[in-house]
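Input: a single structure, listed below in structure tokens.
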Amino acid sequence: MIFKTFLVLVLLLVSGCAGQRLPSIPFDRAGGNVQSIALVTPATPDKPILISLAPVTPLPIFIGIIGTLADQSVQKDHAAHFAEILANHDFRPQPLLVADITQVLQAKGYAVTIVEADRSGQDFLAQYPPGMPPAGDAYLDVMLANHGYGATTTFDPYQPLIGLKFRLVRTSDNKVLMQDTFAYSNIGHAVRPEPKYDYQHYVDFSSDQDRSIEGIKEGLQRGADAIGSALN
């Protein structure tokens with residue numbers, strides 16, 4: 001029962017981007033009159049995730065609930081070590097997202113300004129920073145719900161995980177002009193990573209660290225592309 005509950009919680013985390021999927025609001029570019037966008041510094045989690053929806057040890061088979069708890073402890077140790085790997089490479093997703101999204105929006109003809117904001121919480125901003133002329137026609141609010149790697153079964157490889165939520169809010173009256181969710185993973189209905197980023201075993205991350213970072217970077221770029229597509 002404990003393990004089943006654990007799997008449900010993990011599945012919600014990685015497939016639902018830390019909560020329910022946002023109701024999609026399509027953007028009407030022709031009628032929206034948005035030519036300039038103020039990109040608010042994205043909200044990002046403190047640490048990456050490294051998870052498996054199946055046990056990574058045989059302990060649950062042999063000793064039941066106690067083994068399940070022990071297996072979850074092993075997974076937590078793996079996740080902590082993976083976080084250390086990224087920290088040692090000074091990997092920070094926020095500036096990467098800002099750069100990727102800015103490039104995509106500019107390529108689509110939008111003027112882009114960056115607005116600094118306090119993103120200590122993991123939610124959309126309730127209020128946007130005032131007095132930032134020129135703020136633009138709309139704020140783009142982006143949340144990175146998760147980034148890292150996950151596996152679905154004992155025999156499947158770890159693959160990159162990216163979960164994004166984003167919305168466009170008109171500066172004049174705070175009306176939401178567009179919002180959507182993006183998922184990059186091998187779980188559920190998501191954009192699936194390329195096999196070149198597969199890690200068959202956890203220990204492989206230590207021997208090929210650069211590729212693991214490239215896999216996350218690719219996911220962030222795909223997320224930026226999805227935001228650009230939503231703003232067509």
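Quick note on naming: the chains in the structure tokens go A, B, ... in the order shown, residues restart at 1 in each chain, and ligands are numbered from 1 in order of appearance.
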
I'd like to know which residues of range 32-217 of chain A are helix (DSSP H, G or I) (by DSSP, run on the backbone); could you write them as a ChimeraX atom specification? /A:32,59-88,93-107,195-197,204-207,209-217

Excluding same-chain residues fewer than 3 positions from Glu84 in chain A, what lies within 12 Å of it counting only C-alpha atoms, as an mmCIF file with N, CA and C atoms, in the first residue's frame?
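What ended up in result.cif:
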data_model
loop_
_atom_site.group_PDB
_atom_site.id
_atom_site.type_symbol
_atom_site.label_atom_id
_atom_site.label_comp_id
_atom_site.auth_asym_id
_atom_site.auth_seq_id
_atom_site.Cartn_x
_atom_site.Cartn_y
_atom_site.Cartn_z
ATOM 1 N N LYS A 47 16.163 21.944 -6.501
ATOM 2 C CA LYS A 47 16.977 20.787 -6.854
ATOM 3 C C LYS A 47 16.346 20.018 -8.012
ATOM 4 N N PRO A 48 17.168 19.271 -8.741
ATOM 5 C CA PRO A 48 16.619 18.395 -9.771
ATOM 6 C C PRO A 48 15.989 17.162 -9.131
ATOM 7 N N ILE A 49 15.322 16.354 -9.945
ATOM 8 C CA ILE A 49 14.775 15.096 -9.459
ATOM 9 C C ILE A 49 15.420 13.932 -10.198
ATOM 10 N N LEU A 50 15.529 12.824 -9.512
ATOM 11 C CA LEU A 50 15.959 11.566 -10.116
ATOM 12 C C LEU A 50 15.091 10.488 -9.477
ATOM 13 N N ASP A 77 18.950 8.735 -1.905
ATOM 14 C CA ASP A 77 20.407 8.883 -1.966
ATOM 15 C C ASP A 77 20.864 9.118 -3.403
ATOM 16 N N HIS A 78 20.262 8.388 -4.337
ATOM 17 C CA HIS A 78 20.598 8.587 -5.751
ATOM 18 C C HIS A 78 20.271 10.015 -6.189
ATOM 19 N N ALA A 79 19.095 10.492 -5.786
ATOM 20 C CA ALA A 79 18.679 11.839 -6.164
ATOM 21 C C ALA A 79 19.622 12.889 -5.582
ATOM 22 N N ALA A 80 20.066 12.683 -4.341
ATOM 23 C CA ALA A 80 20.988 13.632 -3.702
ATOM 24 C C ALA A 80 22.316 13.651 -4.439
ATOM 25 N N HIS A 81 22.781 12.474 -4.847
ATOM 26 C CA HIS A 81 24.049 12.405 -5.578
ATOM 27 C C HIS A 81 23.922 13.061 -6.945
ATOM 28 N N ALA A 87 25.267 20.350 -9.397
ATOM 29 C CA ALA A 87 25.829 21.494 -8.663
ATOM 30 C C ALA A 87 27.312 21.648 -8.962
ATOM 31 N N ASN A 88 28.015 20.545 -9.076
ATOM 32 C CA ASN A 88 29.447 20.595 -9.378
ATOM 33 C C ASN A 88 29.712 21.153 -10.770
ATOM 34 N N HIS A 89 28.736 21.032 -11.649
ATOM 35 C CA HIS A 89 28.846 21.607 -12.992
ATOM 36 C C HIS A 89 28.240 23.007 -13.062
ATOM 37 N N ASP A 90 27.844 23.537 -11.911
ATOM 38 C CA ASP A 90 27.202 24.854 -11.834
ATOM 39 C C ASP A 90 26.012 24.944 -12.786
ATOM 40 N N PHE A 91 25.241 23.871 -12.823
ATOM 41 C CA PHE A 91 24.074 23.843 -13.702
ATOM 42 C C PHE A 91 22.923 24.596 -13.049
ATOM 43 N N PHE A 205 25.340 7.727 -14.571
ATOM 44 C CA PHE A 205 25.367 9.188 -14.493
ATOM 45 C C PHE A 205 26.738 9.701 -14.070
ATOM 46 N N SER A 206 27.404 8.973 -13.195
ATOM 47 C CA SER A 206 28.714 9.414 -12.721
ATOM 48 C C SER A 206 29.764 9.344 -13.821
ATOM 49 N N GLN A 209 28.591 12.429 -17.138
ATOM 50 C CA GLN A 209 27.834 13.523 -16.534
ATOM 51 C C GLN A 209 27.414 14.572 -17.556
#

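The two atoms in question, CA of Phe182 in chain A and CA of Gly148 in chain A, are spaced 14.7 Å apart.
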
Among range 15-229 of chain A, which residues does DSSP mark as strand (DSSP E or B) when it is run on the backbone? Keep the chain and numbering as in the structure and answer as a VMD selection string. chain A and resid 25 36 to 40 43 49 to 52 111 to 115 138 to 151 158 to 170 176 to 184 191 199

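Excluding Ile51 in chain A itself and any same-chain residue fewer than 5 positions from it, the protein and nucleic acid residues within 9 Å of it, counting only C-alpha atoms, are Val10, Gln75, Lys76, His78, Ala79, Gly148, Tyr149, Gly150, Ala151, Thr152 and Tyr158 of chain A.
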
Restricting the calculation to only C-alpha atoms, which member of A:Gly228, A:Pro95, A:Pro160, A:Gly32 is positioned closest to Ile187 in chain A? A:Pro160
